[in-house]
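Remarks on the structure that follows.
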Amino acid sequence: MTFASTWSDLSTVGRADDGGYRRFAWTREDHTLREWFAGEASARGLDLVTDRAGNQWAWWGDPDATPGVVTGSHLDSVPGGGAFDGPLGVVSGFLALDALRARGFVPTKPLGIANFVDEEGARFGVACAGSRLITGVLDADRARGLRDADGVTMAEALAAAGRDPRTLGRDDETLRRIGSFVELHVEQGRGLVHTGDAVGVGRMIWPHGRWRVELRGQANHAGTTPLADRRDPMLELAGLIGHVRSAAQDAGALATVGKLRVDPNGVNAIPSQVTAWLDVRAEDESAVRAVLAALRDYAPAEESWTPVTVLDADLADAVAGALDHPPRLGTGAGHDAGILAAAGIPTAMLFVRNPSGISHAPAEDADEADCLAGIDALTAVLARLLS
């Protein structure tokens, strides 16, 4: 199977007219993607296992006999997301396995390819939900009660997708099977553009989190309520956005208000409430905390938090040793690799150059030659780790 043919199988799933993707967890699109993953595993004679959170694992060899080396990523997207964020790592995992088999390679350990569910958290608001659940970072009761924009709980979504929400929870059996994890991912910035390299090795993941802010007012008629008599939370929202920007600039952090819910959300109605979601990231945790301290009057409620993740140095050296002096990059983007690393699993990352430097948008990109270089790099890394 070639990169072009395998990639084209995914190209239409959840794609909008503007070229962006909408692939949310436990939706029809997600079902199609999971069926695609199962089909790729079956075509290669791999054993398909689904864990307590719904993450999919395709195994070459028996991970219950000895822990294996795992690669892969996720297939879901943010609203209007790009094609490469997540799927590139899954496709590359399957094609790296093909390359190992084509050369007659006989592994000394099992090789697993993973598809993590709900990595983006676009539907229920908690990023890396699949890996957070199996590592116990995300409480199962809390997860079942999370609601999407239509008020559907995760438990209801799971049941509608044919899964039992009671299975959610930490999954020690799955974790025992993972000896090490190497995630290939499109770079979500321009680091490799600046170095001129097709592939780089991850060094660390910045601390980052999400917070929710509730702004309350009084619903009223837009055509009959004098301005002086209004309690309009949209005005407070405007102030919040300005405070977020200035606090981030002062702290040397990145902060974004990127999601809103307005009630009742009518053109001719003054809102009764606005809910805003805040994303804050920085290379140093103190900068994140400084932003939150500046916003304490808004009482932001934490929805998820990931501390700084320094990826396994020995594994990173092994990954770099399989390549030709690759650059080492830090990233402000969160990944399932970071959740597994925080759980004590030796974890490394490979990044593939993104010529646009844009991610979470239709302009996200990767040249086929760079994707093939990424597959070659991943193949070399897996061969070293499986020998």
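Each chain in the structure tokens gets a letter, A, B and so on, in the order shown; residues start at 1 in every chain, and ligands are counted from 1 in the order they appear.
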**Q.** Secondary structure check, alpha helix (DSSP H) residues of region 247-373 of chain A, as a PyMOL selection string
**A.** chain A and resi 247-251+285-294+313-321+336-342+368-373
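Proximity of A:Thr50, A:Gly321, A:Trp60, A:His31 to Leu100 (chain A), computed with only C-alpha atoms, is greatest for A:Trp60.
Picture a line from CA of Gly202 (chain A) to CA of Ala348 (chain A); it runs 6.5 Å.
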Q: Point out the residue among A:Val49, A:Ala290, A:Ala160, A:Ala198 with the least atom-to-atom distance to Pro355 (chain A), counting only C-alpha atoms.
A: A:Ala198
Q) Out of A:Ala322, A:Val310, A:Ala161, A:Ile134, which residue has the shortest atom-to-atom distance to Ala383 (chain A) when counting only C-alpha atoms? A) A:Ala322
Q.
Set the distance at 12 Å and use only C-alpha atoms: which residues neighbour region 143-156 of chain A once local chain neighbours fewer than 2 positions away are removed? I'd like the list as a VMD selection string.
A. chain A and resid 24 to 27 53 118 121 to 130 132 to 134 136 to 141 158 to 170 259 to 263 275 303 to 304
Could you list, as a compact mmCIF listing (two decimals) with N, CA, C and O atoms, in the first residue's frame, every residue within 6 Å of region 371-382 of chain A, counting only C-alpha atoms and ignoring same-chain residues fewer than 3 positions away?
# COMPACT_ATOMS: atom_id res chain seq x y z
N SER A 92 1.16 6.82 8.92
CA SER A 92 2.60 6.55 8.92
C SER A 92 2.92 5.29 9.71
O SER A 92 3.83 4.53 9.35
N ALA A 96 4.88 2.29 8.06
CA ALA A 96 6.16 1.89 8.62
C ALA A 96 6.17 0.39 8.90
O ALA A 96 7.18 -0.30 8.67
N VAL A 319 15.88 7.64 19.33
CA VAL A 319 15.19 8.09 18.12
C VAL A 319 16.12 8.92 17.26
O VAL A 319 16.24 8.71 16.05
N ALA A 322 18.76 7.00 15.35
CA ALA A 322 18.33 6.27 14.16
C ALA A 322 18.23 7.17 12.95
O ALA A 322 18.05 6.69 11.83
N VAL A 352 6.94 16.16 11.42
CA VAL A 352 7.12 16.29 9.98
C VAL A 352 6.84 17.74 9.60
O VAL A 352 5.87 18.34 10.05
N GLU A 368 4.22 15.68 0.17
CA GLU A 368 4.29 14.21 0.16
C GLU A 368 5.71 13.72 0.38
O GLU A 368 5.93 12.73 1.08
N LEU A 385 14.15 0.16 17.89
CA LEU A 385 13.51 -0.15 19.15
C LEU A 385 13.00 -1.59 19.23
O LEU A 385 12.87 -2.13 20.33
N LEU A 386 12.73 -2.19 18.08
CA LEU A 386 12.19 -3.55 18.06
C LEU A 386 13.26 -4.62 17.89
O LEU A 386 12.95 -5.81 17.90
Q: DSSP on the backbone, then: every residue of region 61-159 of chain A marked strand (DSSP E or B), written as a ChimeraX atom specification.
A: /A:68-74,81,111-116,147,153
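Considering only C-alpha atoms, the residue among A:Gly330, A:Gly93, A:Gly72, A:Gly223 positioned nearest to Ala282 (chain A) is A:Gly330.
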Residues of region 68-135 of chain A at most 9 Å from region 1-5 of chain A: nearest atom pair and distance in Å, only C-alpha atoms, as JSON lines:
{"residue": "A:Val91", "atom": "CA", "partner": "A:Phe3", "partner_atom": "CA", "distance": 7.7}
{"residue": "A:Ser92", "atom": "CA", "partner": "A:Phe3", "partner_atom": "CA", "distance": 8.0}
{"residue": "A:Leu95", "atom": "CA", "partner": "A:Phe3", "partner_atom": "CA", "distance": 7.3}
{"residue": "A:Asp98", "atom": "CA", "partner": "A:Met1", "partner_atom": "CA", "distance": 7.9}
Q: Would you kindly return, as an MDAnalysis selection string, each protein, DNA or RNA residue with an atom no farther than 6 Å from any atom of Glu29 (chain A), considering only C-alpha atoms and excluding same-chain residues fewer than 3 positions away?
A: chainID A and resid 14 23 32
Near Ser131 (chain A), counting only C-alpha atoms, which residues have an atom at most 8 Å away, once you skip same-chain residues fewer than 4 positions from it, shown as an mmCIF file with N, CA and C atoms, in the first residue's frame?
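Generated output (selection-v6.cif):
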data_model
loop_
_atom_site.group_PDB
_atom_site.id
_atom_site.type_symbol
_atom_site.label_atom_id
_atom_site.label_comp_id
_atom_site.auth_asym_id
_atom_site.auth_seq_id
_atom_site.Cartn_x
_atom_site.Cartn_y
_atom_site.Cartn_z
ATOM 1 N N ALA A 53 -11.629 3.043 27.160
ATOM 2 C CA ALA A 53 -12.038 4.379 26.706
ATOM 3 C C ALA A 53 -12.475 4.401 25.254
ATOM 4 N N ASN A 55 -10.212 3.685 22.757
ATOM 5 C CA ASN A 55 -9.023 3.773 21.916
ATOM 6 C C ASN A 55 -8.796 2.441 21.216
ATOM 7 N N PHE A 116 -6.057 7.021 19.114
ATOM 8 C CA PHE A 116 -6.634 7.561 20.342
ATOM 9 C C PHE A 116 -7.912 8.334 20.025
ATOM 10 N N VAL A 117 -8.925 8.114 20.848
ATOM 11 C CA VAL A 117 -10.216 8.763 20.634
ATOM 12 C C VAL A 117 -10.228 10.149 21.297
ATOM 13 N N GLU A 119 -8.869 13.087 20.902
ATOM 14 C CA GLU A 119 -7.638 13.787 21.281
ATOM 15 C C GLU A 119 -7.838 15.288 21.321
ATOM 16 N N THR A 135 -5.283 6.480 31.625
ATOM 17 C CA THR A 135 -4.243 6.715 32.628
ATOM 18 C C THR A 135 -4.818 7.181 33.956
ATOM 19 N N ASP A 336 -1.403 13.130 22.890
ATOM 20 C CA ASP A 336 -1.544 11.938 23.717
ATOM 21 C C ASP A 336 -0.175 11.467 24.212
ATOM 22 N N ILE A 339 0.438 12.790 27.614
ATOM 23 C CA ILE A 339 -0.317 12.140 28.690
ATOM 24 C C ILE A 339 0.344 10.818 29.062
ATOM 25 N N LEU A 340 0.767 10.033 28.062
ATOM 26 C CA LEU A 340 1.434 8.766 28.352
ATOM 27 C C LEU A 340 2.775 8.996 29.036
#
**Q.** A:Leu48, A:Ala299, A:Ile241, A:Val201 ranked by distance to Asp317 (chain A), top pick (using only C-alpha atoms)
**A.**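 Of A:Leu48, A:Ala299, A:Ile241, A:Val201, the one nearest Asp317 (chain A) is A:Val201, counting only C-alpha atoms.
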Q) Can you tell me, as a PyMOL selection string, what residues are no more than 9 Å from Gly89 (chain A) when counting only C-alpha atoms, ignoring any on the same chain fewer than 2 positions away? A) chain A and resi 71-75+84-87+91-94+183-186+375
